[in-house]
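This is target-v5.txt. It holds compact mmCIF, C-alpha atoms.
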```
# COMPACT_ATOMS: atom_id res chain seq x y z
CA MET T 1 -101.96 -117.36 34.46
CA LYS T 2 -100.50 -114.90 36.93
CA ALA T 3 -97.10 -113.23 36.72
CA HIS T 4 -95.62 -115.41 39.46
CA GLU T 5 -96.47 -118.45 37.33
CA LEU T 6 -94.51 -117.19 34.33
CA THR T 7 -91.40 -119.20 33.61
CA ASN T 8 -88.12 -117.74 32.49
CA GLN T 9 -88.62 -119.77 29.32
CA LEU T 10 -91.84 -117.88 28.47
CA VAL T 11 -90.15 -114.56 29.09
CA ASP T 12 -87.27 -115.63 26.85
CA VAL T 13 -89.73 -116.69 24.13
CA PHE T 14 -91.40 -113.29 24.19
CA ARG T 15 -88.11 -111.44 23.96
CA SER T 16 -86.70 -113.61 21.16
CA GLU T 17 -89.89 -114.22 19.15
CA GLY T 18 -91.83 -111.04 19.92
CA VAL T 19 -94.99 -112.95 20.86
CA VAL T 20 -96.15 -115.40 23.50
CA ARG T 21 -99.49 -117.04 24.34
CA ILE T 22 -100.55 -116.89 27.99
CA PRO T 23 -103.49 -119.16 28.91
CA LYS T 24 -106.34 -118.13 31.19
CA VAL T 25 -105.26 -114.62 32.08
CA ILE T 26 -108.90 -114.15 33.02
CA ASN T 27 -111.43 -116.86 33.84
CA GLU T 28 -114.53 -117.75 31.82
CA SER T 29 -117.01 -115.93 34.03
CA GLU T 30 -114.92 -112.77 33.88
CA ALA T 31 -114.63 -113.10 30.10
CA GLU T 32 -118.40 -113.44 29.71
CA ARG T 33 -119.03 -110.36 31.85
CA PHE T 34 -116.51 -108.33 29.86
CA ARG T 35 -117.86 -109.63 26.55
CA GLN T 36 -121.37 -108.51 27.43
CA ALA T 37 -120.05 -105.05 28.33
CA ALA T 38 -118.06 -104.89 25.07
CA MET T 39 -121.09 -105.91 23.03
CA ARG T 40 -123.16 -103.13 24.62
CA VAL T 41 -120.51 -100.66 23.46
CA LEU T 42 -120.43 -102.15 19.94
CA ASP T 43 -124.24 -102.14 19.68
CA GLN T 44 -124.32 -98.48 20.66
CA MET T 45 -121.62 -97.64 18.10
CA GLN T 46 -123.53 -99.46 15.37
CA ALA T 47 -126.77 -97.68 16.28
CA GLU T 48 -125.09 -94.26 16.23
CA ALA T 49 -123.15 -94.71 12.98
CA PRO T 50 -124.28 -97.77 11.00
CA HIS T 51 -122.42 -96.60 7.87
CA ASN T 52 -119.12 -97.04 9.73
CA TYR T 53 -119.74 -100.79 9.78
CA ILE T 54 -119.59 -101.24 6.02
CA GLY T 55 -116.53 -102.78 4.39
CA ARG T 56 -114.17 -102.53 7.35
CA ALA T 57 -111.78 -105.28 8.48
CA PHE T 58 -112.49 -104.59 12.14
CA HIS T 59 -114.26 -102.20 14.49
CA GLN T 60 -112.76 -100.62 17.55
CA LYS T 61 -113.46 -98.34 20.48
CA VAL T 62 -110.31 -96.66 21.78
CA ASN T 63 -109.74 -95.77 25.44
CA ILE T 64 -112.90 -97.45 26.57
CA TRP T 65 -111.39 -97.59 30.06
CA CYS T 66 -112.16 -93.86 30.34
CA GLN T 67 -115.85 -94.41 29.57
CA ASP T 68 -116.96 -97.81 30.87
CA GLU T 69 -116.33 -98.97 34.43
CA ILE T 70 -116.61 -102.68 33.59
CA MET T 71 -114.12 -102.52 30.72
CA ARG T 72 -111.84 -100.42 32.92
CA GLU T 73 -111.61 -103.41 35.26
CA LEU T 74 -110.25 -105.50 32.41
CA THR T 75 -107.77 -102.87 31.23
CA PHE T 76 -106.28 -102.67 34.71
CA HIS T 77 -106.72 -106.36 35.55
CA PRO T 78 -103.83 -107.30 37.84
CA ASN T 79 -102.99 -110.40 35.82
CA LEU T 80 -102.61 -108.36 32.62
CA THR T 81 -100.54 -105.59 34.15
CA ALA T 82 -98.28 -107.95 36.11
CA VAL T 83 -97.60 -110.27 33.16
CA ALA T 84 -96.93 -107.33 30.85
CA THR T 85 -94.45 -105.85 33.31
CA GLN T 86 -92.59 -109.13 33.72
CA LEU T 87 -92.41 -109.76 29.98
CA ALA T 88 -91.21 -106.22 29.27
CA GLY T 89 -88.68 -106.20 32.07
CA THR T 90 -89.31 -102.51 32.71
CA LYS T 91 -91.88 -100.21 34.26
CA LEU T 92 -94.82 -99.52 31.97
CA ARG T 93 -97.76 -97.22 31.44
CA ILE T 94 -101.02 -97.76 29.59
CA TRP T 95 -100.68 -96.31 26.10
CA HIS T 96 -104.31 -96.99 25.28
CA ASP T 97 -106.82 -99.80 25.23
CA HIS T 98 -109.45 -100.70 22.66
CA ILE T 99 -112.25 -103.13 22.07
CA LEU T 100 -111.31 -104.82 18.80
CA ALA T 101 -114.06 -106.74 17.01
CA LYS T 102 -114.91 -108.41 13.73
CA MET T 103 -118.52 -108.70 12.61
CA PRO T 104 -120.06 -112.11 11.88
CA GLU T 105 -119.37 -113.48 8.39
CA LEU T 106 -116.90 -110.70 7.65
CA PRO T 107 -114.74 -111.80 4.69
CA ILE T 108 -112.04 -109.12 5.13
CA PRO T 109 -108.72 -109.94 6.83
CA THR T 110 -106.63 -107.41 8.68
CA ALA T 111 -103.42 -106.84 6.71
CA PHE T 112 -100.01 -107.72 8.14
CA HIS T 113 -98.60 -104.68 9.94
CA GLN T 114 -96.53 -103.45 12.85
CA ASP T 115 -98.17 -101.37 15.59
CA LEU T 116 -95.43 -99.24 17.07
CA VAL T 117 -94.69 -97.50 13.77
CA LYS T 118 -98.21 -96.02 14.02
CA TRP T 119 -97.68 -94.62 17.52
CA PRO T 120 -95.93 -91.38 18.57
CA TYR T 121 -92.95 -93.13 20.17
CA ASP T 122 -89.53 -94.18 18.96
CA ARG T 123 -89.56 -97.56 17.20
CA LYS T 124 -86.97 -98.84 19.65
CA SER T 125 -89.26 -98.24 22.63
CA MET T 126 -90.49 -101.19 24.64
CA ALA T 127 -94.17 -101.55 23.81
CA LEU T 128 -96.42 -104.59 23.92
CA SER T 129 -100.08 -105.42 23.44
CA ALA T 130 -102.20 -107.82 25.46
CA TRP T 131 -104.89 -109.30 23.18
CA VAL T 132 -107.55 -110.96 25.37
CA ALA T 133 -110.03 -113.37 23.77
CA LEU T 134 -113.55 -112.78 25.11
CA GLN T 135 -114.81 -116.00 23.51
CA ASP T 136 -113.17 -119.07 22.00
CA THR T 137 -111.36 -117.60 18.99
CA THR T 138 -110.59 -120.12 16.29
CA ILE T 139 -108.85 -119.71 12.95
CA GLU T 140 -112.29 -119.51 11.31
CA MET T 141 -113.22 -116.62 13.62
CA GLY T 142 -110.19 -114.56 12.67
CA CYS T 143 -107.60 -115.36 15.30
CA MET T 144 -104.20 -113.66 15.20
CA SER T 145 -101.14 -114.78 13.23
CA PHE T 146 -97.62 -113.48 13.80
CA LEU T 147 -94.20 -113.47 12.14
CA PRO T 148 -91.91 -114.52 15.01
CA GLY T 149 -88.75 -112.47 15.26
CA SER T 150 -90.08 -109.66 13.09
CA HIS T 151 -89.95 -107.23 16.02
CA GLN T 152 -86.28 -106.82 15.10
CA LEU T 153 -87.26 -105.17 11.78
CA MET T 154 -86.93 -101.46 12.50
CA HIS T 155 -87.03 -99.86 9.07
CA VAL T 156 -90.22 -101.06 7.33
CA ARG T 157 -92.63 -98.23 6.51
CA ASN T 158 -95.97 -97.83 8.24
CA ILE T 159 -98.34 -100.29 6.51
CA ALA T 160 -102.07 -99.67 6.83
CA THR T 161 -104.24 -102.42 8.28
CA SER T 162 -106.26 -102.27 5.05
CA ASP T 163 -103.23 -102.54 2.73
CA GLN T 164 -103.29 -106.27 2.00
CA GLU T 165 -100.24 -106.26 -0.28
CA GLY T 166 -98.21 -103.57 1.47
CA TRP T 167 -96.01 -105.85 3.53
CA ARG T 168 -95.14 -107.98 0.50
CA LYS T 169 -94.25 -104.91 -1.55
CA GLU T 170 -92.13 -103.41 1.19
CA MET T 171 -90.28 -106.58 2.16
CA PRO T 172 -91.04 -109.52 -0.18
CA ASP T 173 -89.00 -111.96 1.93
CA LEU T 174 -91.56 -111.65 4.72
CA GLN T 175 -94.05 -113.86 2.88
CA TRP T 176 -91.62 -116.77 3.33
CA TRP T 177 -91.19 -116.30 7.08
CA PRO T 178 -92.82 -119.02 9.19
CA ARG T 179 -96.18 -117.86 10.53
CA LEU T 180 -97.34 -118.54 14.05
CA VAL T 181 -101.14 -118.89 14.08
CA ILE T 182 -102.57 -118.75 17.61
CA PRO T 183 -106.19 -119.76 18.19
CA LEU T 184 -107.26 -118.82 21.70
CA GLN T 185 -109.72 -120.26 24.15
CA VAL T 186 -111.88 -117.85 26.09
CA GLY T 187 -109.78 -115.91 28.61
CA ASP T 188 -106.48 -116.70 26.88
CA CYS T 189 -104.22 -113.87 25.82
CA THR T 190 -101.37 -113.18 23.47
CA PHE T 191 -98.75 -110.59 24.29
CA HIS T 192 -96.95 -109.27 21.25
CA HIS T 193 -94.21 -106.69 20.90
CA GLY T 194 -95.19 -103.42 19.25
CA MET T 195 -92.88 -104.14 16.31
CA THR T 196 -94.00 -107.74 15.66
CA PHE T 197 -95.73 -108.17 12.31
CA HIS T 198 -99.19 -109.63 12.78
CA THR T 199 -102.53 -110.11 11.06
CA ALA T 200 -106.03 -111.36 11.84
CA GLY T 201 -108.03 -113.43 9.41
CA PRO T 202 -111.64 -112.96 8.29
CA ASN T 203 -114.41 -113.90 10.66
CA GLN T 204 -116.23 -116.75 8.94
CA SER T 205 -118.41 -117.56 11.95
CA GLU T 206 -121.95 -116.45 12.76
CA GLN T 207 -120.98 -114.57 15.92
CA TRP T 208 -118.94 -111.49 16.73
CA ARG T 209 -115.24 -112.07 17.35
CA VAL T 210 -114.51 -109.73 20.22
CA ALA T 211 -111.17 -109.05 21.88
CA HIS T 212 -110.02 -106.47 24.37
CA VAL T 213 -106.55 -105.13 23.69
CA VAL T 214 -104.48 -103.30 26.26
CA ILE T 215 -101.34 -101.60 24.97
CA PHE T 216 -98.44 -100.87 27.27
CA VAL T 217 -95.38 -98.71 26.65
CA ASP T 218 -92.20 -98.00 28.62
CA VAL T 219 -93.12 -95.52 31.34
CA ASN T 220 -90.21 -93.31 30.21
CA ALA T 221 -91.04 -93.34 26.47
CA THR T 222 -91.46 -89.77 25.23
CA TYR T 223 -93.76 -88.26 22.62
CA ASN T 224 -92.07 -87.83 19.21
CA GLY T 225 -94.60 -85.52 17.53
CA LYS T 226 -96.25 -88.13 15.30
CA SER T 227 -99.98 -87.62 14.84
CA HIS T 228 -102.25 -89.99 16.77
CA MET T 229 -105.86 -89.74 17.90
CA VAL T 230 -104.93 -90.20 21.57
CA THR T 231 -102.27 -87.51 21.75
CA ASP T 232 -103.42 -85.04 19.07
CA PRO T 233 -105.82 -83.20 21.44
CA LEU T 234 -103.19 -82.86 24.18
CA ASP T 235 -100.87 -80.27 22.59
CA LEU T 236 -97.79 -82.16 23.82
CA GLN T 237 -94.26 -80.94 23.29
CA VAL T 238 -91.87 -83.30 21.51
CA GLY T 239 -89.67 -85.07 24.05
CA THR T 240 -92.19 -84.93 26.89
CA LEU T 241 -94.01 -87.76 28.62
CA PRO T 242 -97.72 -88.31 27.99
CA PRO T 243 -99.85 -87.19 30.94
CA ASP T 244 -100.54 -89.79 33.61
CA SER T 245 -104.25 -88.94 33.47
CA ILE T 246 -104.48 -90.24 29.90
CA CYS T 247 -101.64 -92.80 29.93
CA PRO T 248 -101.44 -93.94 33.55
CA PRO T 249 -98.40 -95.80 34.89
CA ILE T 250 -99.14 -99.29 36.20
```

Step by step, read the file and then write its structure as structure tokens.
Amino acid sequence: MKAHELTNQLVDVFRSEGVVRIPKVINESEAERFRQAAMRVLDQMQAEAPHNYIGRAFHQKVNIWCQDEIMRELTFHPNLTAVATQLAGTKLRIWHDHILAKMPELPIPTAFHQDLVKWPYDRKSMALSAWVALQDTTIEMGCMSFLPGSHQLMHVRNIATSDQEGWRKEMPDLQWWPRLVIPLQVGDCTFHHGMTFHTAGPNQSEQWRVAHVVIFVDVNATYNGKSHMVTDPLDLQVGTLPPDSICPPI
């Protein structure tokens, strides 16, 4: 789906629920090409540091757009950037991208958490993630689940993706919120707000569950001093914008 095909209803759903599914943001042949490129990256990571693959809920490679020309094409895919801009209703920049994968037969879920609380921006900033399925992604493969409307919750502490009980301890009522489980066909995408609570289940299948996630933030959002692997090496001053070379406007 391209931005000009978005309905006002879909935009309204994103802004009220904090998540929306967009079908066929990329086509199947594109998805297969990007999946092969992502798997080459994951294979190299596993060969270089096999111990890092033990007991983890997921594996990731951050800012792959800076290192791999094929994955860069996906990060800056015109469908992704245009849909993100229309949903956000404001000018955006790339915060970072990452390949996000779960190994075959991995029994560990990703814990419910919010993203924006982990990033060096104000929690009230407009930020959203495009989660692109590079293969059919069923419930059994560890598709994403969301708590619609939870992007309005501004005061929950930062919960680690490995802290399975953290969200229940912090806000017990959340376990009774309706959950939106979104299996995706290859090339489909979810866009979720940076404050929307979400999780991904275990991968019970015999193949890798691979997604490419592109995270966008308001082009005028400023650095707040919080530690993060992307900005830590940059020696930024609080209140300044991240450099366009690392977080390019779209």

- [ ] Provide the CA of His77 in chain T to CA of Ile246 in chain T distance in Å, to one decimal place.
- [x]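 Computing it gives 17.2 Å between the two atoms.
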
- When you draw a straight line from CA of Gln185 in chain T to CA of Asp218 in chain T, how long is it in Å?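 Atom-to-atom, CA of Gln185 in chain T to CA of Asp218 in chain T, that is 28.7 Å.
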
Within 6 Å of Pro120 in chain T using only C-alpha atoms, minus same-chain residues under 3 positions, as a PDB file with C-alpha atoms, keeping the file's coordinate frame:
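Output file out-v8.pdb follows:
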```
ATOM      1  CA  TYR T 223     -93.760 -88.260  22.620  1.00  0.00           C
ATOM      2  CA  ASN T 224     -92.070 -87.830  19.210  1.00  0.00           C
ATOM      3  CA  LYS T 226     -96.250 -88.130  15.300  1.00  0.00           C
TER       4      LYS T 226
END
```

Which residue, T:Met141, T:Thr75, T:Pro243, T:Arg56, has the smallest gap to Ser162 in chain T when you use all atoms listed in the file?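 Closest residue, counting all atoms listed in the file: T:Arg56.
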
| message | Nearest residue to Ala133 in chain T out of T:Leu116, T:Ala31, T:Leu42, T:Ile182, using only C-alpha atoms? | response |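 Checking each of T:Leu116, T:Ala31, T:Leu42, T:Ile182 against Ala133 in chain T, counting only C-alpha atoms, the winner is T:Ala31.
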
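Using all atoms listed in the file, the nearest neighbour of Thr190 in chain T within the list T:Trp176, T:Phe14, T:Phe112, T:Trp95 is T:Phe14.
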
Write range 178-189 of chain T as a JSON list (two decimals), in the frame of the given file, completed to all heavy atoms.
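Generated file (out23.json):
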```
[["chain", "number", "residue", "atom", "x", "y", "z"],
["T", 178, "PRO", "N", -91.83, -118.16, 8.53],
["T", 178, "PRO", "CA", -92.82, -119.02, 9.19],
["T", 178, "PRO", "C", -93.85, -118.17, 9.94],
["T", 178, "PRO", "O", -93.50, -117.16, 10.56],
["T", 178, "PRO", "CB", -91.98, -119.85, 10.17],
["T", 178, "PRO", "CG", -90.59, -119.78, 9.65],
["T", 178, "PRO", "CD", -90.46, -118.44, 8.99],
["T", 179, "ARG", "N", -95.11, -118.57, 9.84],
["T", 179, "ARG", "CA", -96.18, -117.86, 10.53],
["T", 179, "ARG", "C", -96.62, -118.66, 11.75],
["T", 179, "ARG", "O", -96.78, -119.87, 11.69],
["T", 179, "ARG", "CB", -97.38, -117.65, 9.61],
["T", 179, "ARG", "CG", -97.07, -116.83, 8.39],
["T", 179, "ARG", "CD", -98.33, -116.53, 7.58],
["T", 179, "ARG", "NE", -98.01, -115.95, 6.29],
["T", 179, "ARG", "CZ", -98.90, -115.53, 5.41],
["T", 179, "ARG", "NH1", -100.20, -115.63, 5.70],
["T", 179, "ARG", "NH2", -98.52, -115.02, 4.25],
["T", 180, "LEU", "N", -96.83, -117.94, 12.82],
["T", 180, "LEU", "CA", -97.34, -118.54, 14.05],
["T", 180, "LEU", "C", -98.80, -118.15, 14.19],
["T", 180, "LEU", "O", -99.12, -116.99, 14.46],
["T", 180, "LEU", "CB", -96.53, -118.06, 15.25],
["T", 180, "LEU", "CG", -96.93, -118.61, 16.62],
["T", 180, "LEU", "CD1", -96.80, -120.13, 16.67],
["T", 180, "LEU", "CD2", -96.10, -117.97, 17.72],
["T", 181, "VAL", "N", -99.70, -119.12, 13.98],
["T", 181, "VAL", "CA", -101.14, -118.89, 14.08],
["T", 181, "VAL", "C", -101.58, -119.33, 15.47],
["T", 181, "VAL", "O", -101.31, -120.46, 15.87],
["T", 181, "VAL", "CB", -101.90, -119.66, 12.99],
["T", 181, "VAL", "CG1", -103.40, -119.38, 13.08],
["T", 181, "VAL", "CG2", -101.36, -119.30, 11.60],
["T", 182, "ILE", "N", -102.27, -118.46, 16.20],
["T", 182, "ILE", "CA", -102.57, -118.75, 17.61],
["T", 182, "ILE", "C", -104.07, -118.65, 17.87],
["T", 182, "ILE", "O", -104.59, -117.58, 18.22],
["T", 182, "ILE", "CB", -101.80, -117.80, 18.54],
["T", 182, "ILE", "CG1", -100.30, -117.82, 18.22],
["T", 182, "ILE", "CG2", -102.03, -118.21, 19.99],
["T", 182, "ILE", "CD1", -99.46, -116.97, 19.15],
["T", 183, "PRO", "N", -104.81, -119.75, 17.71],
["T", 183, "PRO", "CA", -106.19, -119.76, 18.19],
["T", 183, "PRO", "C", -106.19, -119.66, 19.72],
["T", 183, "PRO", "O", -105.28, -120.16, 20.38],
["T", 183, "PRO", "CB", -106.73, -121.12, 17.73],
["T", 183, "PRO", "CG", -105.70, -121.69, 16.83],
["T", 183, "PRO", "CD", -104.41, -121.04, 17.15],
["T", 184, "LEU", "N", -107.20, -119.02, 20.26],
["T", 184, "LEU", "CA", -107.26, -118.82, 21.70],
["T", 184, "LEU", "C", -108.58, -119.34, 22.25],
["T", 184, "LEU", "O", -109.63, -119.15, 21.64],
["T", 184, "LEU", "CB", -107.13, -117.33, 22.04],
["T", 184, "LEU", "CG", -105.82, -116.64, 21.67],
["T", 184, "LEU", "CD1", -105.92, -115.14, 21.98],
["T", 184, "LEU", "CD2", -104.65, -117.25, 22.41],
["T", 185, "GLN", "N", -108.50, -119.95, 23.42],
["T", 185, "GLN", "CA", -109.72, -120.26, 24.15],
["T", 185, "GLN", "C", -110.12, -119.04, 24.97],
["T", 185, "GLN", "O", -109.31, -118.15, 25.23],
["T", 185, "GLN", "CB", -109.50, -121.49, 25.04],
["T", 185, "GLN", "CG", -109.30, -122.77, 24.26],
["T", 185, "GLN", "CD", -109.14, -123.97, 25.17],
["T", 185, "GLN", "OE1", -108.18, -124.08, 25.92],
["T", 185, "GLN", "NE2", -110.11, -124.89, 25.10],
["T", 186, "VAL", "N", -111.37, -119.00, 25.37],
["T", 186, "VAL", "CA", -111.88, -117.85, 26.09],
["T", 186, "VAL", "C", -111.00, -117.58, 27.32],
["T", 186, "VAL", "O", -110.66, -118.48, 28.07],
["T", 186, "VAL", "CB", -113.35, -118.06, 26.49],
["T", 186, "VAL", "CG1", -113.55, -119.29, 27.37],
["T", 186, "VAL", "CG2", -113.92, -116.81, 27.15],
["T", 187, "GLY", "N", -110.62, -116.32, 27.48],
["T", 187, "GLY", "CA", -109.78, -115.91, 28.61],
["T", 187, "GLY", "C", -108.30, -116.00, 28.36],
["T", 187, "GLY", "O", -107.50, -115.50, 29.16],
["T", 188, "ASP", "N", -107.89, -116.66, 27.25],
["T", 188, "ASP", "CA", -106.48, -116.70, 26.88],
["T", 188, "ASP", "C", -106.06, -115.34, 26.33],
["T", 188, "ASP", "O", -106.89, -114.52, 25.92],
["T", 188, "ASP", "CB", -106.21, -117.76, 25.82],
["T", 188, "ASP", "CG", -106.37, -119.19, 26.33],
["T", 188, "ASP", "OD1", -106.57, -119.37, 27.55],
["T", 188, "ASP", "OD2", -106.29, -120.12, 25.51],
["T", 189, "CYS", "N", -104.75, -115.16, 26.24],
["T", 189, "CYS", "CA", -104.22, -113.87, 25.82],
["T", 189, "CYS", "C", -102.91, -114.07, 25.07],
["T", 189, "CYS", "O", -102.13, -114.96, 25.41],
["T", 189, "CYS", "CB", -103.98, -113.01, 27.07],
["T", 189, "CYS", "SG", -103.34, -111.35, 26.76]]
```
